[in-house]
>>> print(open('coords.cif').read())   # mmCIF, N, CA and C atoms
data_query
loop_
_atom_site.label_atom_id
_atom_site.label_comp_id
_atom_site.auth_asym_id
_atom_site.auth_seq_id
_atom_site.Cartn_x
_atom_site.Cartn_y
_atom_site.Cartn_z
N MET A 21 79.30 122.73 88.27
CA MET A 21 80.69 122.53 87.95
C MET A 21 80.86 121.25 87.14
N THR A 22 81.54 121.33 86.04
CA THR A 22 81.78 120.20 85.17
C THR A 22 82.99 119.42 85.66
N GLU A 23 82.82 118.10 85.74
CA GLU A 23 83.94 117.24 86.13
C GLU A 23 84.89 117.12 84.95
N PRO A 24 86.19 116.90 85.23
CA PRO A 24 87.15 116.76 84.14
C PRO A 24 86.90 115.48 83.34
N LEU A 25 87.30 115.51 82.10
CA LEU A 25 87.19 114.32 81.26
C LEU A 25 88.25 113.31 81.67
N VAL A 26 87.92 112.05 81.60
CA VAL A 26 88.88 110.98 81.83
C VAL A 26 89.21 110.40 80.46
N THR A 27 90.49 110.33 80.15
CA THR A 27 90.92 109.85 78.84
C THR A 27 91.87 108.69 78.99
N VAL A 28 91.61 107.62 78.26
CA VAL A 28 92.51 106.48 78.15
C VAL A 28 92.78 106.30 76.67
N ARG A 29 94.05 106.16 76.33
CA ARG A 29 94.42 105.95 74.93
C ARG A 29 94.88 104.52 74.73
N LEU A 30 94.42 103.90 73.66
CA LEU A 30 94.81 102.54 73.35
C LEU A 30 95.66 102.52 72.09
N ASN A 31 96.75 101.78 72.15
CA ASN A 31 97.63 101.59 71.00
C ASN A 31 97.78 100.11 70.75
N GLN A 32 97.50 99.69 69.52
CA GLN A 32 97.60 98.28 69.19
C GLN A 32 99.06 97.84 69.25
N ARG A 33 99.28 96.76 69.98
CA ARG A 33 100.62 96.18 70.06
C ARG A 33 100.76 95.10 69.00
N HIS A 34 99.78 94.16 68.99
CA HIS A 34 99.81 93.05 68.04
C HIS A 34 98.45 92.37 68.07
N ASP A 35 97.87 92.13 66.92
CA ASP A 35 96.56 91.48 66.82
C ASP A 35 95.57 92.12 67.79
N TYR A 36 95.09 91.38 68.78
CA TYR A 36 94.07 91.89 69.70
C TYR A 36 94.66 92.42 71.01
N GLN A 37 95.96 92.64 71.01
CA GLN A 37 96.63 93.19 72.19
C GLN A 37 96.73 94.70 72.06
N PHE A 38 96.32 95.39 73.13
CA PHE A 38 96.35 96.85 73.14
C PHE A 38 96.99 97.34 74.43
N ASP A 39 97.89 98.31 74.28
CA ASP A 39 98.43 99.00 75.44
C ASP A 39 97.44 100.10 75.81
N ASN A 40 96.95 100.06 77.02
CA ASN A 40 96.05 101.10 77.53
C ASN A 40 96.91 102.14 78.23
N GLN A 41 96.91 103.35 77.72
CA GLN A 41 97.71 104.44 78.26
C GLN A 41 96.80 105.35 79.08
N PHE A 42 97.15 105.52 80.36
CA PHE A 42 96.31 106.29 81.27
C PHE A 42 96.82 107.71 81.49
N GLY A 43 98.01 108.00 81.05
CA GLY A 43 98.58 109.33 81.21
C GLY A 43 99.32 109.49 82.52
N GLY A 44 100.07 110.57 82.62
CA GLY A 44 100.83 110.84 83.82
C GLY A 44 101.85 109.75 84.09
N ASP A 45 102.04 109.43 85.36
CA ASP A 45 103.02 108.42 85.76
C ASP A 45 102.43 107.02 85.86
N VAL A 46 101.18 106.84 85.40
CA VAL A 46 100.54 105.53 85.48
C VAL A 46 101.10 104.65 84.36
N PRO A 47 101.63 103.48 84.72
CA PRO A 47 102.19 102.61 83.68
C PRO A 47 101.09 102.07 82.77
N PRO A 48 101.44 101.78 81.51
CA PRO A 48 100.44 101.23 80.60
C PRO A 48 100.02 99.83 81.05
N LEU A 49 98.82 99.45 80.62
CA LEU A 49 98.28 98.14 80.94
C LEU A 49 97.98 97.41 79.64
N LEU A 50 98.55 96.22 79.46
CA LEU A 50 98.28 95.43 78.27
C LEU A 50 96.96 94.70 78.44
N ALA A 51 96.07 94.84 77.48
CA ALA A 51 94.81 94.10 77.45
C ALA A 51 94.82 93.22 76.21
N ASP A 52 94.20 92.06 76.31
CA ASP A 52 94.19 91.12 75.20
C ASP A 52 92.92 90.28 75.28
N GLU A 53 92.44 89.85 74.16
CA GLU A 53 91.31 88.92 74.12
C GLU A 53 91.82 87.52 74.45
N PRO A 54 90.96 86.71 75.07
CA PRO A 54 91.38 85.33 75.32
C PRO A 54 91.43 84.54 74.01
N ALA A 55 92.10 83.39 74.04
CA ALA A 55 92.14 82.50 72.88
C ALA A 55 90.71 82.03 72.59
N PRO A 56 90.34 81.77 71.40
CA PRO A 56 91.19 81.66 70.23
C PRO A 56 91.39 82.98 69.48
N LEU A 57 90.66 84.02 69.87
CA LEU A 57 90.79 85.30 69.17
C LEU A 57 92.14 85.94 69.46
N GLY A 58 92.48 86.06 70.72
CA GLY A 58 93.76 86.63 71.13
C GLY A 58 94.62 85.58 71.78
N GLN A 59 95.59 86.07 72.55
CA GLN A 59 96.51 85.15 73.23
C GLN A 59 96.32 85.15 74.75
N GLY A 60 95.43 85.97 75.25
CA GLY A 60 95.23 86.04 76.69
C GLY A 60 96.43 86.58 77.44
N ALA A 61 97.21 87.47 76.80
CA ALA A 61 98.43 88.00 77.40
C ALA A 61 98.16 89.09 78.43
N GLY A 62 96.92 89.49 78.57
CA GLY A 62 96.53 90.51 79.54
C GLY A 62 95.06 90.35 79.81
N PRO A 63 94.51 91.18 80.70
CA PRO A 63 93.09 91.08 80.98
C PRO A 63 92.26 91.40 79.74
N SER A 64 91.11 90.73 79.64
CA SER A 64 90.19 90.99 78.54
C SER A 64 89.35 92.22 78.86
N PRO A 65 88.65 92.77 77.89
CA PRO A 65 87.75 93.89 78.17
C PRO A 65 86.70 93.57 79.24
N VAL A 66 86.17 92.35 79.25
CA VAL A 66 85.18 91.98 80.28
C VAL A 66 85.85 91.95 81.65
N GLN A 67 87.07 91.44 81.73
CA GLN A 67 87.79 91.44 83.00
C GLN A 67 88.08 92.87 83.46
N LEU A 68 88.38 93.76 82.53
CA LEU A 68 88.62 95.15 82.90
C LEU A 68 87.33 95.79 83.43
N LEU A 69 86.20 95.45 82.83
CA LEU A 69 84.91 95.95 83.33
C LEU A 69 84.67 95.45 84.75
N CYS A 70 84.92 94.17 84.98
CA CYS A 70 84.78 93.61 86.33
C CYS A 70 85.70 94.33 87.31
N ALA A 71 86.93 94.57 86.89
CA ALA A 71 87.89 95.25 87.76
C ALA A 71 87.42 96.66 88.09
N ALA A 72 86.88 97.36 87.11
CA ALA A 72 86.41 98.73 87.33
C ALA A 72 85.24 98.75 88.32
N VAL A 73 84.29 97.84 88.14
CA VAL A 73 83.15 97.78 89.05
C VAL A 73 83.61 97.41 90.45
N GLY A 74 84.45 96.39 90.56
CA GLY A 74 84.93 95.94 91.86
C GLY A 74 85.77 96.98 92.57
N ASN A 75 86.65 97.63 91.84
CA ASN A 75 87.50 98.64 92.46
C ASN A 75 86.68 99.81 92.96
N CYS A 76 85.73 100.25 92.16
CA CYS A 76 84.90 101.40 92.55
C CYS A 76 84.02 101.06 93.76
N LEU A 77 83.41 99.87 93.75
CA LEU A 77 82.57 99.47 94.88
C LEU A 77 83.39 99.36 96.17
N THR A 78 84.56 98.74 96.07
CA THR A 78 85.39 98.55 97.25
C THR A 78 85.89 99.88 97.78
N ALA A 79 86.27 100.78 96.88
CA ALA A 79 86.71 102.11 97.30
C ALA A 79 85.55 102.89 97.94
N SER A 80 84.35 102.74 97.39
CA SER A 80 83.18 103.43 97.96
C SER A 80 82.85 102.89 99.35
N LEU A 81 82.95 101.57 99.52
CA LEU A 81 82.71 100.98 100.83
C LEU A 81 83.75 101.47 101.84
N LEU A 82 85.00 101.48 101.43
CA LEU A 82 86.07 101.97 102.31
C LEU A 82 85.85 103.43 102.68
N PHE A 83 85.53 104.25 101.70
CA PHE A 83 85.27 105.67 101.95
C PHE A 83 84.14 105.85 102.96
N SER A 84 83.05 105.11 102.74
CA SER A 84 81.89 105.23 103.63
C SER A 84 82.21 104.77 105.05
N LEU A 85 82.94 103.69 105.18
CA LEU A 85 83.32 103.20 106.51
C LEU A 85 84.28 104.16 107.21
N ARG A 86 85.20 104.72 106.46
CA ARG A 86 86.16 105.65 107.06
C ARG A 86 85.51 106.96 107.49
N LYS A 87 84.38 107.32 106.88
CA LYS A 87 83.66 108.52 107.34
C LYS A 87 83.28 108.39 108.80
N TYR A 88 83.09 107.15 109.25
CA TYR A 88 82.73 106.89 110.65
C TYR A 88 83.93 106.34 111.43
N LYS A 89 85.12 106.63 110.93
CA LYS A 89 86.37 106.22 111.58
C LYS A 89 86.53 104.70 111.63
N GLY A 90 85.85 104.00 110.73
CA GLY A 90 85.97 102.55 110.67
C GLY A 90 87.28 102.12 110.06
N GLN A 91 87.78 100.98 110.51
CA GLN A 91 89.01 100.40 109.98
C GLN A 91 88.71 98.97 109.55
N PRO A 92 88.14 98.80 108.35
CA PRO A 92 87.68 97.49 107.91
C PRO A 92 88.75 96.67 107.18
N GLU A 93 89.94 97.17 107.09
CA GLU A 93 90.97 96.55 106.28
C GLU A 93 91.42 95.19 106.83
N PRO A 94 91.85 94.31 105.92
CA PRO A 94 91.93 94.49 104.47
C PRO A 94 90.62 94.08 103.80
N LEU A 95 90.17 94.91 102.89
CA LEU A 95 88.97 94.61 102.11
C LEU A 95 89.34 93.71 100.92
N ALA A 96 88.39 92.94 100.48
CA ALA A 96 88.57 92.11 99.28
C ALA A 96 87.29 92.18 98.47
N CYS A 97 87.42 91.91 97.18
CA CYS A 97 86.25 91.92 96.31
C CYS A 97 86.45 90.92 95.18
N GLU A 98 85.39 90.22 94.85
CA GLU A 98 85.39 89.32 93.69
C GLU A 98 84.19 89.70 92.84
N VAL A 99 84.42 89.88 91.56
CA VAL A 99 83.33 90.24 90.65
C VAL A 99 83.24 89.19 89.55
N GLU A 100 82.03 88.70 89.35
CA GLU A 100 81.77 87.75 88.27
C GLU A 100 80.86 88.41 87.24
N ALA A 101 81.17 88.17 85.99
CA ALA A 101 80.32 88.66 84.90
C ALA A 101 79.74 87.46 84.17
N GLU A 102 78.43 87.46 84.01
CA GLU A 102 77.77 86.43 83.21
C GLU A 102 77.75 86.91 81.77
N VAL A 103 78.43 86.19 80.91
CA VAL A 103 78.51 86.54 79.50
C VAL A 103 77.66 85.54 78.72
N GLY A 104 76.82 86.06 77.86
CA GLY A 104 75.95 85.19 77.07
C GLY A 104 75.44 85.93 75.85
N ARG A 105 74.52 85.32 75.17
CA ARG A 105 73.97 85.88 73.93
C ARG A 105 72.77 86.76 74.23
N SER A 106 72.73 87.90 73.58
CA SER A 106 71.58 88.80 73.69
C SER A 106 70.49 88.31 72.76
N ALA A 107 69.36 89.01 72.74
CA ALA A 107 68.25 88.64 71.87
C ALA A 107 68.66 88.63 70.40
N ASP A 108 69.61 89.48 70.04
CA ASP A 108 70.08 89.51 68.65
C ASP A 108 71.32 88.64 68.44
N LYS A 109 71.56 87.72 69.38
CA LYS A 109 72.61 86.70 69.28
C LYS A 109 74.03 87.25 69.39
N ARG A 110 74.20 88.44 69.95
CA ARG A 110 75.53 89.02 70.15
C ARG A 110 76.00 88.70 71.57
N LEU A 111 77.31 88.44 71.71
CA LEU A 111 77.85 88.23 73.05
C LEU A 111 77.76 89.53 73.84
N ARG A 112 77.23 89.44 75.05
CA ARG A 112 77.06 90.60 75.92
C ARG A 112 77.30 90.19 77.36
N VAL A 113 77.63 91.17 78.19
CA VAL A 113 77.63 90.96 79.63
C VAL A 113 76.17 91.08 80.05
N LEU A 114 75.61 89.99 80.55
CA LEU A 114 74.19 89.94 80.88
C LEU A 114 73.91 90.35 82.31
N ALA A 115 74.86 90.08 83.21
CA ALA A 115 74.69 90.41 84.63
C ALA A 115 76.05 90.34 85.31
N MET A 116 76.14 91.02 86.44
CA MET A 116 77.37 91.00 87.24
C MET A 116 77.01 90.81 88.70
N THR A 117 77.89 90.13 89.42
CA THR A 117 77.75 89.96 90.86
C THR A 117 79.06 90.33 91.51
N ALA A 118 78.99 91.23 92.49
CA ALA A 118 80.18 91.64 93.24
C ALA A 118 80.02 91.16 94.67
N ARG A 119 81.07 90.51 95.18
CA ARG A 119 81.10 90.02 96.57
C ARG A 119 82.24 90.72 97.29
N LEU A 120 81.89 91.65 98.18
CA LEU A 120 82.89 92.38 98.95
C LEU A 120 83.03 91.74 100.32
N THR A 121 84.24 91.70 100.82
CA THR A 121 84.49 91.09 102.13
C THR A 121 85.29 92.05 103.00
N LEU A 122 84.76 92.29 104.18
CA LEU A 122 85.47 93.11 105.17
C LEU A 122 86.60 92.28 105.77
N GLY A 123 87.64 92.96 106.22
CA GLY A 123 88.75 92.28 106.87
C GLY A 123 88.54 92.09 108.36
N VAL A 124 87.40 92.49 108.86
CA VAL A 124 87.09 92.40 110.29
C VAL A 124 85.68 91.85 110.47
N PRO A 125 85.35 91.36 111.68
CA PRO A 125 83.98 90.92 111.95
C PRO A 125 83.03 92.11 111.95
N ALA A 126 81.78 91.86 111.66
CA ALA A 126 80.76 92.93 111.60
C ALA A 126 80.69 93.70 112.91
N GLU A 127 80.87 93.02 114.04
CA GLU A 127 80.77 93.67 115.35
C GLU A 127 81.82 94.77 115.54
N ALA A 128 82.90 94.70 114.78
CA ALA A 128 83.98 95.67 114.94
C ALA A 128 83.73 96.96 114.17
N VAL A 129 82.62 97.03 113.43
CA VAL A 129 82.35 98.18 112.57
C VAL A 129 81.13 98.95 113.07
N GLU A 130 81.34 100.21 113.43
CA GLU A 130 80.23 101.05 113.86
C GLU A 130 79.47 101.58 112.65
N HIS A 131 78.20 101.82 112.83
CA HIS A 131 77.32 102.39 111.79
C HIS A 131 77.27 101.52 110.54
N LEU A 132 77.45 100.23 110.70
CA LEU A 132 77.52 99.33 109.55
C LEU A 132 76.24 99.33 108.73
N GLU A 133 75.09 99.28 109.37
CA GLU A 133 73.82 99.27 108.64
C GLU A 133 73.67 100.52 107.77
N ARG A 134 74.04 101.64 108.33
CA ARG A 134 73.93 102.90 107.59
C ARG A 134 74.86 102.89 106.37
N VAL A 135 76.09 102.41 106.58
CA VAL A 135 77.06 102.34 105.48
C VAL A 135 76.56 101.38 104.41
N LEU A 136 76.09 100.21 104.80
CA LEU A 136 75.63 99.22 103.83
C LEU A 136 74.44 99.73 103.02
N GLY A 137 73.67 100.61 103.60
CA GLY A 137 72.52 101.16 102.90
C GLY A 137 72.85 102.28 101.94
N SER A 138 74.08 102.79 101.99
CA SER A 138 74.37 103.97 101.18
C SER A 138 75.64 103.92 100.34
N PHE A 139 76.58 103.03 100.63
CA PHE A 139 77.88 103.11 99.95
C PHE A 139 77.80 102.94 98.44
N GLU A 140 76.86 102.15 97.95
CA GLU A 140 76.75 101.94 96.51
C GLU A 140 76.38 103.23 95.78
N ASP A 141 75.71 104.14 96.46
CA ASP A 141 75.32 105.41 95.84
C ASP A 141 76.53 106.26 95.47
N PHE A 142 77.68 106.00 96.09
CA PHE A 142 78.89 106.77 95.82
C PHE A 142 79.75 106.16 94.73
N CYS A 143 79.37 105.01 94.22
CA CYS A 143 80.18 104.31 93.22
C CYS A 143 79.80 104.77 91.80
N THR A 144 80.63 105.59 91.25
CA THR A 144 80.41 106.16 89.92
C THR A 144 80.29 105.08 88.85
N VAL A 145 81.20 104.12 88.86
CA VAL A 145 81.23 103.10 87.81
C VAL A 145 80.01 102.18 87.89
N THR A 146 79.74 101.64 89.06
CA THR A 146 78.61 100.72 89.19
C THR A 146 77.29 101.42 88.89
N GLY A 147 77.16 102.63 89.36
CA GLY A 147 75.95 103.39 89.06
C GLY A 147 75.75 103.58 87.57
N SER A 148 76.83 103.77 86.85
CA SER A 148 76.76 103.94 85.40
C SER A 148 76.50 102.63 84.68
N VAL A 149 77.19 101.57 85.10
CA VAL A 149 77.03 100.25 84.48
C VAL A 149 75.61 99.73 84.68
N ARG A 150 75.05 100.00 85.86
CA ARG A 150 73.70 99.51 86.17
C ARG A 150 72.64 100.04 85.22
N ALA A 151 72.92 101.09 84.52
CA ALA A 151 71.95 101.61 83.54
C ALA A 151 71.71 100.59 82.42
N ALA A 152 72.68 99.67 82.23
CA ALA A 152 72.55 98.70 81.15
C ALA A 152 72.68 97.25 81.60
N ILE A 153 73.35 97.02 82.74
CA ILE A 153 73.63 95.66 83.19
C ILE A 153 73.21 95.53 84.65
N PRO A 154 72.43 94.52 85.00
CA PRO A 154 72.10 94.31 86.41
C PRO A 154 73.36 93.95 87.20
N VAL A 155 73.57 94.64 88.31
CA VAL A 155 74.72 94.38 89.17
C VAL A 155 74.20 94.07 90.57
N THR A 156 74.50 92.87 91.05
CA THR A 156 74.14 92.45 92.40
C THR A 156 75.35 92.64 93.29
N VAL A 157 75.14 93.23 94.46
CA VAL A 157 76.24 93.48 95.39
C VAL A 157 75.95 92.75 96.70
N GLN A 158 76.92 91.98 97.14
CA GLN A 158 76.85 91.28 98.41
C GLN A 158 78.03 91.72 99.26
N VAL A 159 77.82 91.80 100.58
CA VAL A 159 78.90 92.16 101.49
C VAL A 159 78.95 91.11 102.60
N PHE A 160 80.16 90.65 102.91
CA PHE A 160 80.40 89.66 103.94
C PHE A 160 81.40 90.21 104.95
N ASP A 161 81.35 89.71 106.18
CA ASP A 161 82.36 90.11 107.14
C ASP A 161 83.50 89.09 107.13
N ALA A 162 84.49 89.28 107.99
CA ALA A 162 85.67 88.43 108.00
C ALA A 162 85.36 86.98 108.39
N HIS A 163 84.21 86.74 109.04
CA HIS A 163 83.81 85.38 109.42
C HIS A 163 82.96 84.72 108.34
N GLY A 164 82.67 85.43 107.25
CA GLY A 164 81.86 84.87 106.18
C GLY A 164 80.38 85.12 106.33
N ALA A 165 79.98 85.87 107.34
CA ALA A 165 78.55 86.19 107.52
C ALA A 165 78.11 87.21 106.47
N GLN A 166 77.02 86.91 105.77
CA GLN A 166 76.52 87.85 104.77
C GLN A 166 75.81 88.99 105.47
N LEU A 167 76.26 90.20 105.17
CA LEU A 167 75.71 91.42 105.77
C LEU A 167 74.75 92.13 104.85
N LYS A 168 74.88 91.91 103.56
CA LYS A 168 74.03 92.56 102.54
C LYS A 168 73.87 91.60 101.40
#
>>> encode(input="coords.cif", output="structure tokens")
Amino acid sequence: MTEPLVTVRLNQRHDYQFDNQFGGDVPPLLADEPAPLGQGAGPSPVQLLCAAVGNCLTASLLFSLRKYKGQPEPLACEVEAEVGRSADKRLRVLAMTARLTLGVPAEAVEHLERVLGSFEDFCTVTGSVRAAIPVTVQVFDAHGAQLK
């Protein structure tokens, strides 16, 4: 079975500002390059990539925990992208690190080891991005203990 295509349309607003149109009832999102190229009036493409990776990972973790009736809320995620020059001197995202945080202590979550070992496999975006960019994933509990 073929999955449906996902389409986002971009319309230039001004200079490096683009309205990202997602269709349906989803409001448009303004994206812009940071200064000096743009005005920083919206998230940059690199920030949108970070948001996509972080959102997908966090949703995958939530899905996996809820399969076991876990209630880890509220979840949080921070994603950093290392931007630098490639071998051909072009700016590229060289690596990403995602730090997910559970809203509860580790002891409150059943089957945590099993979930931590598999939730990344369900993340469509991170799995795709990893084909070109190394992505490190860390998971912490509400007390700051690193679980992964």
>>> resolve_selection(input="coords.cif", expression="the PyMOL selection byres ((chain A and resi 73-76) around 6.5)", output="ChimeraX atom specification")
/A:68-72,77-81,97-99,143-146
>>> closest_residue(input="coords.cif", among="A:His131, A:Arg105, A:Arg110, A:Arg119", to="Leu85 in chain A", atoms="only N, CA and C atoms")
A:His131
>>> closest_residue(input="coords.cif", among="A:Val46, A:Val135, A:Thr117, A:Glu102", to="Gln158 in chain A", atoms="all atoms listed in the file")
A:Thr117
>>> closest_residue(input="coords.cif", among="A:Glu100, A:Pro94, A:Phe83, A:Leu111", to="Phe139 in chain A", atoms="all atoms listed in the file")
A:Phe83
>>> atom_distance(input="coords.cif", atom1="CA of Ala115 in chain A", atom2="CA of Val159 in chain A")
17.5 Å
>>> atom_distance(input="coords.cif", atom1="atom C of Ala162 in chain A", atom2="atom C of Glu140 in chain A")
22.4 Å
>>> closest_residue(input="coords.cif", among="A:Ala128, A:Val157, A:Ala165, A:Leu114", to="Val66 in chain A", atoms="only C-alpha atoms")
A:Leu114
>>> atom_distance(input="coords.cif", atom1="atom N of Leu49 in chain A", atom2="CA of Gln37 in chain A")
10.7 Å
>>> select_by_dssp(input="coords.cif", residues="chain A", states="helix (DSSP H, G or I)", output="VMD selection string")
chain A and resid 65 to 87 126 to 128 132 to 142 144 to 149
>>> closest_residue(input="coords.cif", among="A:Ala107, A:Val28, A:Ile153, A:Met116", to="Phe42 in chain A", atoms="only C-alpha atoms")
A:Val28
>>> resolve_selection(input="coords.cif", expression="the PyMOL selection byres ((chain A and resi 124-126) around 6)", output="number ranges by chain")
A: 92-94, 122-123, 127-129, 161-163
>>> select_by_dssp(input="coords.cif", residues="chain A", states="strand (DSSP E or B)", output="ChimeraX atom specification")
/A:29-34,37-41,49-51,96-105,111-121,155-160,166
>>> axis_aligned_box(input="coords.cif", around="range 144-158 of chain A", padding_each_side="4 Å", output="JSON")
{"center_x": 76.5, "center_y": 98.7, "center_z": 90.2, "size_x": 17.5, "size_y": 22.9, "size_z": 26.1}
>>> closest_residue(input="coords.cif", among="A:Arg134, A:Leu95, A:Pro47, A:Phe38", to="Gly60 in chain A", atoms="only C-alpha atoms")
A:Phe38
